[in-house]
Protein chains: 2
Amino acid sequence: MTTPASTEGEISRLEQIQEYLDQDSWREAAALLRKLQPAEIAHVLEALPLNQRQILWDLLETDQDGETLMELTENVRNELLQNMHQDDIVAATEHMDVDDLADFIQELPSNVTEEVMRSLDEQDRRRLETVLSYPEDTAGGLMNTDTVTVRPEVTLDVVLRYLRQLGERVPRDTDQLFVTNRDDKYLGTLRLADLVTNDPNETVAEVMSLGVQPFNVFTPDSDVARRFEQYDLLSAPVVDEQGHLVGRITVDDVVDLIREEGEHQFMGSAGLSEDEDMFAPVLESSKRRAVWLGINLLTAFLASWVIGHFEDTLERIVALAVLMPIVASMGGVGGTQTLTLAIRGIALGQLSSKNAGYLLAKELAVALVNGLLWAVVVGIIAGIWFHSTDIALVIAAAMIINLIAAAIVGALLPLALDKLGIDPALAGGVLLTTVTDVVGFLSFLGLATLFLL
Amino acid sequence: MTTPASTEGEISRLEQIQEYLDQDSWREAAALLRKLQPAEIAHVLEALPLNQRQILWDLLETDQDGETLMELTENVRNELLQNMHQDDIVAATEHMDVDDLADFIQELPSNVTEEVMRSLDEQDRRRLETVLSYPEDTAGGLMNTDTVTVRPEVTLDVVLRYLRQLGERVPRDTDQLFVTNRDDKYLGTLRLADLVTNDPNETVAEVMSLGVQPFNVFTPDSDVARRFEQYDLLSAPVVDEQGHLVGRITVDDVVDLIREEGEHQFMGSAGLSEDEDMFAPVLESSKRRAVWLGINLLTAFLASWVIGHFEDTLERIVALAVLMPIVASMGGVGGTQTLTLAIRGIALGQLSSKNAGYLLAKELAVALVNGLLWAVVVGIIAGIWFHSTDIALVIAAAMIINLIAAAIVGALLPLALDKLGIDPALAGGVLLTTVTDVVGFLSFLGLATLFLL
């Protein structure tokens with residue numbers, strides 16, 4: 001992939017706004033803002049430090065507020081909401097799609113939620129309640145309720161006339177219509193491409209597609225994403241337990257999901273949330289980071305406690321103190337590679353207890369090959385450095401031990417965590433490096449104590 | 001997000017095939033295979049160890065080969081291609097879309113490529129050459145050449161009759177048609193939703209949309225992905241330098257891109273490629289991992305060399321050897337958080353030299369807050385452990401120094417690497433931990449040498 005820094009268009013718009021704000025040219029900034037789409041505005045807001053972000057937010061016209069809020073990452077959105085008056089929040093929601101409303105109404109304080117609900121008409125309120133009745137991370141929570149349905153017995157000509165009647169009420173991103181019977185039971189889909197390329201005298205039943213399997217409302221969102229990806233879907237129907245059509249999921253929501261899933265693994269490995277705001281307030285950031293640092297500090301002290309048992313040995317052979325970080329860190333590096341493969345394997349649904357054994361076997365083999373190779377290299381360098389074949393042998397042995405231990409933990413830990421309901425993307429790295437540190441120091445200093453004293 | 005391990009449907013199909021293979025029930029496995037879609041078959045293949053994978057691949061019907069090859073990750077695909085006869089490869093390509101063919105024809109040895117080209121008809125060959133003339137990671141490399149175009153002056157009724165004539169030649173995933181003039185210059189788009197909801201007597205010109213900005217053929221793929229995401233696009237036109245329509249990009253390709261981008265960052269931090277095959281041959285894996293381990297070994301020896309300058313100090317105060325890994329690792333943990341934020345910021349186009357200063361300022365502030373907090377905690381624990389306020393003060397000071405250095409490097413390094421054309425997702429972590437190790441050991445042991453001897 002191309003290095004993404006060369007995003008010319010966005011960076012220059014962003015930079016332009018930053019320059020206006022730096023020079024206090026509010027009017028120029030506001031003028032430029034009005035030309036931007038909500039998604040672009042959100043992009044700019046996320047890239048501004050807090051004071052400038054608040055200024056720009058206040059410069060925004062009210063009718064742009066709602067859609068822009070939808071495009072922001074959760075944390076940034078919540079920060080802005082906290083500083084808004086209740087009336088402004090309700091006003092912002094007036095221009096919002098019911099389906100978008102469902103996504104963020106849960107973030108609002110309950111009095112504001114009640115106010116917003118009251119401002120909706122009967123039908124919208126019922127639609128909102130439908131979507132809200134399902135957990136956020138399921139098909140029911142993801143879906144839109146703006147489906148266009150047709151009966152199977154009508155001709156395509158009738159469908160076309162019906163659509164012309166509906167006019168603007170047909171969503172612009174429609175790629176297929178849904179076929180239902182009189183009881184709203186889902187029967188199949190009618191692609192627009194099929195609608196326009198077949199003889200208008202054919203019936204829907206003759207042309208419709210049965211290939212698309214509907215999602216049950218409780219399908220986990222990661223399964224939804226995976227299926228959209230595998231089948232290159234643009235939209236898909238959602239049905240309830242009895243098979244009634246209740247909504248549709250569109251690919252743009254899945255795109256966001258997939259982006260988040262990738263970020264979750266990447267950010268998680270550093271103890272961050274995928275919703276992390278680059279410019280969150282210092283104290284808020286510090287609190288969250290402090291927890292992560294605290295946990296890692298515990299594991300660091302655990303490693304030190306292990307080293308502490310070998311104070312005698314270290315006093316007598318100071319070369320050990322110089323060399324010991326090498327064994328520990330190589331185990332961490334090797335183990336992290338195995339761990340990363342396993343975490344991704346679980347996320348993609350390709351690693352389970354069924355084939356974990358094969359992964360372990362393969363990773364052990366790789367660890368053995370690399371262990372022997374680098375044990376020899378490290379042993380030679382250490383031996384020459386400290387003029388001692390004993391030290392060379394000890395460090396070589398410890399290297400192999402640690403790389404093997406790392407492979408075992410890396411391959412099996414993620415599945416174990418997953419079965420315990422702990423997110424491997426978050427906890428895996430910390431636990432792995434704890435093991436490789438402890439095993440690294442233990443094996444190196446332990447072997448040294450046994451054979452060099 | 002729901003923990004993805006509960007992907008019931010896929011895991012059970014996968015497990016079923018694994019069981020069949022374990023029991024040597026080839027016929028049952030083959031029968032189950034025929035019921036699966038190419039994407040599902042690819043998913044299963046990627047999750048099998050090598051021997052079983054080859055068996056399953058051989059069980060596959062030839063007409064399923066081509067599409068399945070397209071769905072596989074690059075590394076898995078190449079491994080299978082290596083073991084295939086030239087004739088089988090050409091046969092597999094017969095059923096492939098020209099646009100899919102473009103994606104993998106570059107992986108093939110040149111004699112096979114020539115053979116495949118010869119098997120195509122004139123028009124397909126020219127389409128293939130068009131797509132191949134652009135770099136893989138640009139809009140031109142991503143696009144499909146199967147566009148359906150209409151003139152602006154015709155009525156919607158004429159368009160519908162034209163589409164009925166085209167019939168099957170209209171791609172099933174069509175969501176919009178492209179409007180061009182007689183010279184093939186791109187003018188705008190006609191959404192199918194607009195086509196079917198407006199009065200058939202209106203002209204294309206009256207109904208078409210100008211809102212979609214076409215991509216230039218040389219637009220980097222990450223920009224394409226970003227714009228699809230921001231504007232919730234389903235498809236978009238691609239034009240050459242003179243504004244002629246040359247193809248279209250569909251959202252399914254972007255979905256793959258976004259998945260890869262996320263995996264690239266996650267896998268890259270562990271020195272792996274996003275195309276990494278979980279079950280790659282042991283020797284091949286070992287070679288790639290050996291390079292990464294070698295690089296990290298260099299940095300580990302660098303840190304040891306720094307420690308080596310303080311052998312005297314370590315001999316006299318062995319407590320230092322016990323405590324020194326703490327300072328180094330805390331710097332690494334804190335710095336990695338900053339680095340991760342910066343890498344994501346660059347990938348999203350939100351971090352540039354323009355606002356890097358703000359990020360640095362904020363991360364320094366967070367580092368100061370956490371530095372002070374944990375310096376006190378660590379100082380107290382170390383002081384009690386070794387009955388020495390001097391050691392407590394030295395380690396506290398070193399903690400603060402290292403956390404600050406980590407914040408500076410974490411915030412600025414990714415941008416610097418990016419400007420040098422080095423992938424920060426790959427190189428950032430290694431370089432950061434090198435700095436935090438060196439600074440950690442240097443500050444801790446250096447301060448100890450100055451004040452405790």
# chains A, B, ... in the order shown; residues from 1 in each chain; ligands from 1

$ residues_around --residues "Ala290 of chain A" --least-positions-apart "4" --cutoff "12 Å" --atoms "only C-alpha atoms" --output "compact mmCIF listing (two decimals) with N, CA and C atoms, in the first residue's frame"
# COMPACT_ATOMS: atom_id res chain seq x y z
N GLY A 271 -2.70 -1.06 24.66
CA GLY A 271 -3.55 -0.71 25.81
C GLY A 271 -4.45 0.47 25.55
N LEU A 272 -4.70 0.80 24.25
CA LEU A 272 -5.57 1.93 23.94
C LEU A 272 -6.88 1.43 23.35
N VAL A 282 -5.81 16.27 28.77
CA VAL A 282 -4.63 15.66 29.38
C VAL A 282 -4.99 14.79 30.58
N LEU A 283 -5.83 15.30 31.47
CA LEU A 283 -6.13 14.54 32.68
C LEU A 283 -6.87 13.24 32.36
N GLU A 284 -7.80 13.34 31.41
CA GLU A 284 -8.55 12.14 31.03
C GLU A 284 -7.63 11.09 30.44
N SER A 285 -6.77 11.51 29.52
CA SER A 285 -5.78 10.62 28.93
C SER A 285 -4.91 10.01 30.01
N SER A 286 -4.41 10.87 30.91
CA SER A 286 -3.48 10.40 31.93
C SER A 286 -4.10 9.32 32.78
N GLY A 294 0.29 1.07 35.16
CA GLY A 294 0.28 0.38 36.44
C GLY A 294 0.34 -1.13 36.28
N ILE A 295 -0.48 -1.63 35.35
CA ILE A 295 -0.49 -3.08 35.12
C ILE A 295 0.87 -3.55 34.64
N ASN A 296 1.45 -2.82 33.71
CA ASN A 296 2.76 -3.20 33.21
C ASN A 296 3.84 -3.09 34.27
N LEU A 297 3.66 -2.14 35.17
CA LEU A 297 4.63 -1.97 36.25
C LEU A 297 4.62 -3.20 37.16
N MET B 330 9.16 0.48 31.31
CA MET B 330 8.11 1.49 31.47
C MET B 330 8.19 2.51 30.36
N VAL B 333 6.64 0.95 27.29
CA VAL B 333 5.17 0.87 27.33
C VAL B 333 4.54 2.24 27.06
N GLY B 334 5.03 3.26 27.79
CA GLY B 334 4.47 4.59 27.58
C GLY B 334 4.70 5.11 26.18
N GLN B 337 2.43 3.70 23.45
CA GLN B 337 1.09 4.26 23.37
C GLN B 337 1.10 5.52 22.50
N VAL B 366 0.96 14.43 29.39
CA VAL B 366 0.53 13.14 29.94
C VAL B 366 1.72 12.39 30.53
N ALA B 367 2.87 12.45 29.82
CA ALA B 367 4.07 11.76 30.30
C ALA B 367 4.54 12.35 31.62
N LEU B 368 4.40 13.65 31.76
CA LEU B 368 4.80 14.31 33.00
C LEU B 368 3.91 13.85 34.15
N VAL B 369 2.60 13.88 33.92
CA VAL B 369 1.67 13.47 34.97
C VAL B 369 1.94 12.02 35.38
N ASN B 370 1.98 11.13 34.39
CA ASN B 370 2.23 9.73 34.72
C ASN B 370 3.64 9.50 35.22
N GLY B 371 4.57 10.25 34.67
CA GLY B 371 5.96 10.11 35.10
C GLY B 371 6.08 10.40 36.59
N LEU B 372 5.50 11.51 37.01
CA LEU B 372 5.58 11.88 38.42
C LEU B 372 4.89 10.83 39.29
N LEU B 373 3.69 10.47 38.86
CA LEU B 373 2.92 9.48 39.65
C LEU B 373 3.71 8.19 39.84
N TRP B 374 4.14 7.59 38.74
CA TRP B 374 4.79 6.28 38.85
C TRP B 374 6.22 6.39 39.36
N ALA B 375 6.84 7.53 39.16
CA ALA B 375 8.17 7.71 39.73
C ALA B 375 8.07 7.61 41.25
N VAL B 377 5.67 6.09 43.00
CA VAL B 377 5.34 4.72 43.38
C VAL B 377 6.57 3.81 43.31

$ closest_atom_pairs --of "chain B" --to "chain A" --cutoff "6 Å" --atoms "only C-alpha atoms" --output "Markdown table"
| residue | atom | partner | partner_atom | distance |
| --- | --- | --- | --- | --- |
| B:Met1 | CA | A:Asp137 | CA | 5.7 |
| B:Pro4 | CA | A:Ala347 | CA | 5.5 |
| B:Ala39 | CA | A:Gln230 | CA | 5.2 |
| B:Ala47 | CA | A:Gln350 | CA | 5.0 |
| B:Asp137 | CA | A:Met1 | CA | 5.6 |
| B:Leu163 | CA | A:Thr197 | CA | 5.1 |
| B:Arg164 | CA | A:Thr197 | CA | 3.9 |
| B:Gly167 | CA | A:Thr197 | CA | 4.9 |
| B:Arg172 | CA | A:Ala193 | CA | 5.8 |
| B:Asp175 | CA | A:Asp175 | CA | 5.5 |
| B:Ala193 | CA | A:Arg172 | CA | 5.8 |
| B:Thr197 | CA | A:Arg164 | CA | 3.9 |
| B:Asn198 | CA | A:Arg164 | CA | 5.6 |
| B:Ser222 | CA | A:Pro4 | CA | 5.9 |
| B:Gln230 | CA | A:Ala39 | CA | 5.2 |
| B:Asp232 | CA | A:Asp252 | CA | 5.3 |
| B:Asp252 | CA | A:Asp232 | CA | 5.3 |
| B:Gly262 | CA | A:Gly262 | CA | 4.2 |
| B:Glu263 | CA | A:Gly262 | CA | 6.0 |
| B:Phe266 | CA | A:Phe266 | CA | 4.5 |
| B:Ala270 | CA | A:Gln337 | CA | 5.4 |
| B:Val282 | CA | A:Val366 | CA | 5.8 |
| B:Ser286 | CA | A:Val366 | CA | 5.2 |
| B:Ala300 | CA | A:Ile326 | CA | 5.5 |
| B:Ser304 | CA | A:Val322 | CA | 5.4 |
| B:Ile307 | CA | A:Val322 | CA | 5.6 |
| B:Gly308 | CA | A:Val322 | CA | 5.6 |
| B:Glu315 | CA | A:Glu315 | CA | 5.7 |
| B:Val318 | CA | A:Glu315 | CA | 5.9 |
| B:Ala321 | CA | A:Ala321 | CA | 5.8 |
| B:Val322 | CA | A:Ser304 | CA | 5.4 |
| B:Leu323 | CA | A:Ser304 | CA | 6.0 |
| B:Ile326 | CA | A:Ala300 | CA | 5.5 |
| B:Gln337 | CA | A:Ala270 | CA | 5.4 |
| B:Ala347 | CA | A:Pro4 | CA | 5.5 |
| B:Gln350 | CA | A:Ala47 | CA | 5.0 |
| B:Val366 | CA | A:Ser286 | CA | 5.2 |

$ select_by_dssp --residues "segment 36-273 of chain A" --states "alpha helix (DSSP H)" --output "number ranges by chain"
A: 38-46, 50-59, 62-71, 74-82, 86-94, 98-105, 110-119, 122-132, 139-142, 156-166, 192-197, 204-207, 221-231, 251-268

$ atom_distance --atom1 "atom CA of Ala236 of chain B" --atom2 "atom CA of Arg248 of chain B"
5.5 Å

$ atom_distance --atom1 "atom CA of Ala396 of chain B" --atom2 "atom CA of Phe444 of chain B"
8.9 Å

$ atom_distance --atom1 "atom CA of Val204 of chain A" --atom2 "atom CA of Thr147 of chain A"
16.5 Å

$ residues_around --residues "segment 149-153 of chain A" --least-positions-apart "2" --cutoff "7 Å" --atoms "only C-alpha atoms" --output "VMD selection string"
chain A and resid 147 155 177 to 181 203 to 205
